[in-house]
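Just below is one structure, and these are the notes that go with it.
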Number of protein chains: 2
Amino acid sequence: MSEENEMTLTEQILDCYNTKNVSKLREIFDTVPNIDIAEALEEVDDVAVFLFIFRAINDEYAAEVFAELSSEKQEMIINAFGDKQLVELLNNLFTDDIVDTLEDMPANIVNRILRVVPKELRNDINRLLNYKENTAGSVMTTEYIEMTDTTTVGEAIKQIRKKGRDAETIYTIFVRDKMRTMVGTVDLDDLIFADEDVEISEIMNRDFVTCNVNDDQETVANMFSRYDLTAMAVVNKDMKICGIITIDDAVDILMEEANEDVAALGHVAPLEDSYLNTTAFQVAKKCIPWIIVLLVLGTFTTLVLDRIEGQPVFQLISVLICFVPALMDTGGNSGGQTIALMIRGLATKEFEPKDFLKVIGKEAKTAIIVSSIVAVFAFVWFTIEQYTGIVEIEIDGVACSVWKGNCWTSEFFLYALRISLTVAGTLLLSSFIAKMIAVSLPLGVAALKKDPAIIAQPLLTTFIDVISLLIYLGVATLIFNIVG
Amino acid sequence: MSEENEMTLTEQILDCYNTKNVSKLREIFDTVPNIDIAEALEEVDDVAVFLFIFRAINDEYAAEVFAELSSEKQEMIINAFGDKQLVELLNNLFTDDIVDTLEDMPANIVNRILRVVPKELRNDINRLLNYKENTAGSVMTTEYIEMTDTTTVGEAIKQIRKKGRDAETIYTIFVRDKMRTMVGTVDLDDLIFADEDVEISEIMNRDFVTCNVNDDQETVANMFSRYDLTAMAVVNKDMKICGIITIDDAVDILMEEANEDVAALGHVAPLEDSYLNTTAFQVAKKCIPWIIVLLVLGTFTTLVLDRIEGQPVFQLISVLICFVPALMDTGGNSGGQTIALMIRGLATKEFEPKDFLKVIGKEAKTAIIVSSIVAVFAFVWFTIEQYTGIVEIEIDGVACSVWKGNCWTSEFFLYALRISLTVAGTLLLSSFIAKMIAVSLPLGVAALKKDPAIIAQPLLTTFIDVISLLIYLGVATLIFNIVG
């Protein structure tokens, strides 16, 4: 056993193949989770070996392993399988998994699959394929258990035994009235604990939540988190059930959204696969566009900095230029904080663009508190920087710092304080404005139904850099009263 | 009805209270999800009114609403309830919810609760309270169904009917052998479809996954996502079951982690409650520390910039200073992309610090591709900036740009190209180094068991700003050959 443990799962599987030890292979398939097996098979490059091993998987697991494989491997299997085998495999897959598979397949394979599956399944697949991407309809599945509210508990359990094998979940039963309108849900445990001849309308949950086929998938996934659901009905506008979404799909959507938000804040397009499964070239492709967009947007900053540098006040008091990165960084950080709060709040549907006034009101208060405290701190800190000579200021061409022992005169002190006041005053304004832009941009972008994470952040940096510089020029001119 | 729909839930509830319409109140509690009710009650400020309404909630929902309330409201209820009522409420709560409640309560309330609950529950609570924060042990619950592998299906279903009411889930049954070692899990649906006299060892899943009591809660939550679980056993080192974790808790952990990652990338401490439930002052408190830390760290940049600005090459070719923000931003963005990929990869446990070599190898390749392409683009773009006069370069004191019609001489062109080469060359090196630091820092921080999201990002910015400036000085000196 200890030797086996040092082998990777792929090696163990290939070892069984080489020694033609099919029973050992089956034992592995039996005791190792399907996703681990799928990942191990992903590394088997020889097509014949891969197909041999896949065929050795027990029928009941084969569909699950298939659903976890990459589309390249799925295509291999579909091409190798005869129509009969293929139908058997597809029958063991849930409709939403078939649809996921089809979305990545070439047209000839899609046509073949649609040709071989039973008519009813074909209709379901076509319907799901027609829902707009990222809607509840596009991620739901059609295998669920539905009953009328007058069904008795005993009858319900009988129906579950009969139809449950094909359902994605039997833990939530969806209840409709005789007009086919959804009126409740019943948890399997409530059925198990109830008397056999009670009608399910008496024990069903009436405080259920549903979503509409056209709802955004993230809105739906967040409802799973808020309401602690394991399954939710997807209904049309007449409250007729069209399908269901289960918690495992909701978790995938939530994780994908979190990855997208983090990627957007890091200015990188989200990876389609895991980092380790993505080639360096593919990662680079996700990185380059944003770096270049930001570099081009940065041109505005360069343009303004170049103009400002030539202004008399900066020519005469050249030390002011040294504080430019600190100003830009702090403005950017202050706005970035608000952006992060907005992006996450919008992603988790905690607030929406229509809450604009409420959110901007709160953020205005926050901005006043943060900007004031940062400005006071900056005033003290920048004075210390000058006093200690971290930044060397010059008076009449003589560099002054405590190390040179030539300052700490009242002239130096007042001069240093005016510089600190300039920088701190700029920070007070720019940090406040940064937060105000940072609250408006994501909500505005979201109101236009675009992803705030992707668009808002790069625009913010450019805005804030330019605005900080202009404020800096204004405040410096005011305080030193030097105009050309 | 239409009038009611315009009232908020809180107003509807208060309206029932004012008109003493208890049956209407019960109807609301019956048809509205518990979390919505808890949120509505949160806004009822009058203690007497709040308690009256809470007491009107049906016993079966009261515990669930209680679990969703803020600790202030929970304290109100505990103080108002007599011992008997309190025990009844606590008995309807799952142990993990009691522990969550206790963690936010003053000592006298904790003592009262521990005094009134039955001895067995007290032991469970004490045990859970003793697990280290953020471990699987601290979030697990002790209400689960465990059976020996020799139990028959018929007997198992009988036991579920008897004990299931108190379990957090009956959909996964945990199976142990006679030595109390965990050997499998059985899904309720497999029990329902199996013959009554089959032993559960024959139908149980042997490819189950477990976690250890001391495992990090995020590692565990990610296993739910990877393996599509709805419940997982938490075991000790001898594979004896200590408790279980259910999917709803795993989803909460995953969402919390995502919020923390986004917050860290936005340089803001994660909020403890939702944004709208957090006061402006509390939000400001989460924002200020990082802004100030970053401002102080930025001192290194100011220090270096101040020294570099005085170097002969920057004195003579003052236009070079205009590119400093673009250089710093691009370096920061390049590193920030890698940080985002690392933080998310580490958070979702896709890779670990021990995969350092694999990850750094891939990122080195990515860095070469990205840096080269960005440098080539930057070379072209910065030349365009100079040609169009976005950045005004001066030769012998005369500003040149295409608008002034005084350039496009070979002298101007060569000069502009050398400047572009300086900036692009710096970018090539700094962007590569930024990615290398950005891959090492988070993995290093994670290896020290600290949260990479919080520590790595601010350090990165400072490193990259300083390194970019030093490289810029080196490259400029090399290309223009001006040394003081």
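Ligands are numbered from 1 in the order shown, residues from 1 within each chain, and chains are lettered A, B, ... in the order they appear in the structure tokens.
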Counting only C-alpha atoms, which residues of range 171-269 of chain B sit at most 8 Å from some atom of range 336-358 of chain B, and what is each one's closest atom pair with its distance in Å to one decimal, listed by chain and rising residue number, as a Markdown table?
```
| residue | atom | partner | partner_atom | distance |
| --- | --- | --- | --- | --- |
| B:Glu218 | CA | B:Ala347 | CA | 7.4 |
| B:Thr219 | CA | B:Lys349 | CA | 6.4 |
| B:Asn222 | CA | B:Thr348 | CA | 6.0 |
| B:Glu257 | CA | B:Ala347 | CA | 7.4 |
| B:Asp261 | CA | B:Ile343 | CA | 7.3 |
| B:Leu265 | CA | B:Ala340 | CA | 7.7 |
```
Quick one: residues within 7 Å of range 301-303 of chain A, only C-alpha atoms, excluding same-chain residues fewer than 5 positions away - as a short mmCIF file (atom, residue, chain, number, x, y, z; two decimals) with C-alpha atoms, in the first residue's frame?
```cif
data_model
loop_
_atom_site.label_atom_id
_atom_site.label_comp_id
_atom_site.auth_asym_id
_atom_site.auth_seq_id
_atom_site.Cartn_x
_atom_site.Cartn_y
_atom_site.Cartn_z
CA THR A 462 -7.47 57.54 -14.80
CA ASP A 465 -4.90 60.60 -11.33
CA VAL A 466 -5.98 63.52 -13.48
CA CYS B 322 6.52 62.60 -16.97
CA PHE B 323 6.68 58.87 -17.60
CA ILE B 390 1.08 64.74 -25.73
CA VAL B 391 4.46 64.79 -24.04
#
```
8 Å contact set for Thr151 in chain A, only C-alpha atoms, chain neighbours under 2 positions out, as a list of chain:residue names:
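My list of contacting residues is A:Met147, A:Thr148, A:Asp149, A:Val153, A:Glu155, A:Ala156, A:Glu199, A:Ile200, A:Ser201.
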Can you pull out the residues contacting range 90-101 of chain B? Cut-off 9 Å, using only C-alpha atoms, and skip same-chain residues under 3 positions away; I want them as a tab-separated table (two decimals) with C-alpha atoms, in the first residue's frame.
```tsv
chain	number	residue	atom	x	y	z
B	59	ASP	CA	-42.45	27.37	17.58
B	60	GLU	CA	-41.14	25.54	14.54
B	62	ALA	CA	-38.94	30.70	16.06
B	63	ALA	CA	-35.54	28.99	16.37
B	64	GLU	CA	-34.75	29.63	12.70
B	66	PHE	CA	-33.68	33.56	16.19
B	67	ALA	CA	-30.57	32.16	14.46
B	71	SER	CA	-26.75	39.49	18.68
B	74	GLN	CA	-30.85	37.69	20.48
B	85	GLN	CA	-38.86	28.96	27.36
B	86	LEU	CA	-35.15	29.39	26.81
B	87	VAL	CA	-34.46	25.66	26.92
B	104	ASP	CA	-21.13	37.15	20.61
B	105	MET	CA	-22.75	37.13	24.10
B	113	ILE	CA	-27.33	29.21	28.79
B	117	VAL	CA	-29.32	23.32	28.78
B	121	LEU	CA	-25.91	19.46	24.90
B	124	ASP	CA	-21.30	19.34	22.93
B	125	ILE	CA	-21.34	23.13	23.17
B	126	ASN	CA	-18.22	23.21	25.31
B	128	LEU	CA	-17.29	23.06	19.88
B	129	LEU	CA	-16.35	26.26	21.73
B	138	SER	CA	-15.34	25.23	15.10
B	139	VAL	CA	-18.01	25.24	12.39
B	140	MET	CA	-19.25	21.65	12.54
B	141	THR	CA	-22.45	20.56	14.23
B	142	THR	CA	-23.00	17.45	16.32
B	143	GLU	CA	-26.53	16.62	15.15
B	166	ASP	CA	-33.01	16.33	15.59
B	167	ALA	CA	-30.44	15.92	12.83
B	168	GLU	CA	-29.23	18.82	10.71
```
Got a sec: who's within 8 Å of range 35-41 of chain B, counting only C-alpha atoms, leaving out chain neighbours fewer than 4 positions off, as a list in words?
Arg226 and Tyr227 of chain A; Leu9, Thr10, Phe29, Phe50, Val65, Phe66, Glu68 and Leu69 of chain B
Tell me which of B:Val22, B:Val213, B:Ala233, B:Leu429 sits closest to Tyr131 in chain B, counting only C-alpha atoms.
B:Val213
Could you give me the residues within range 234-359 of chain A that DSSP places in strand (DSSP E), as a list in words?
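DSSP on the backbone gives strand (DSSP E) at Val234, Val235, Ile241, Cys242, Gly243, Ile244, Ile245 and Thr246 of chain A.
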Go ahead and write the residues just picked, C-alpha atoms, as a PDB file, in the first residue's frame.
```pdb
ATOM      1  CA  VAL A 234     -37.429  28.261 -12.020  1.00  0.00           C
ATOM      2  CA  VAL A 235     -40.858  29.540 -13.081  1.00  0.00           C
ATOM      3  CA  ILE A 241     -42.460  25.516 -13.181  1.00  0.00           C
ATOM      4  CA  CYS A 242     -40.020  25.318 -16.130  1.00  0.00           C
ATOM      5  CA  GLY A 243     -37.115  23.629 -14.374  1.00  0.00           C
ATOM      6  CA  ILE A 244     -35.018  23.624 -11.219  1.00  0.00           C
ATOM      7  CA  ILE A 245     -31.563  24.722 -10.149  1.00  0.00           C
ATOM      8  CA  THR A 246     -29.669  22.769  -7.495  1.00  0.00           C
TER       9      THR A 246
END
```
Spatial neighbours of Thr185 in chain A, 7 Å, only C-alpha atoms, chain gap at least 2 places, as a count of residues only:
8
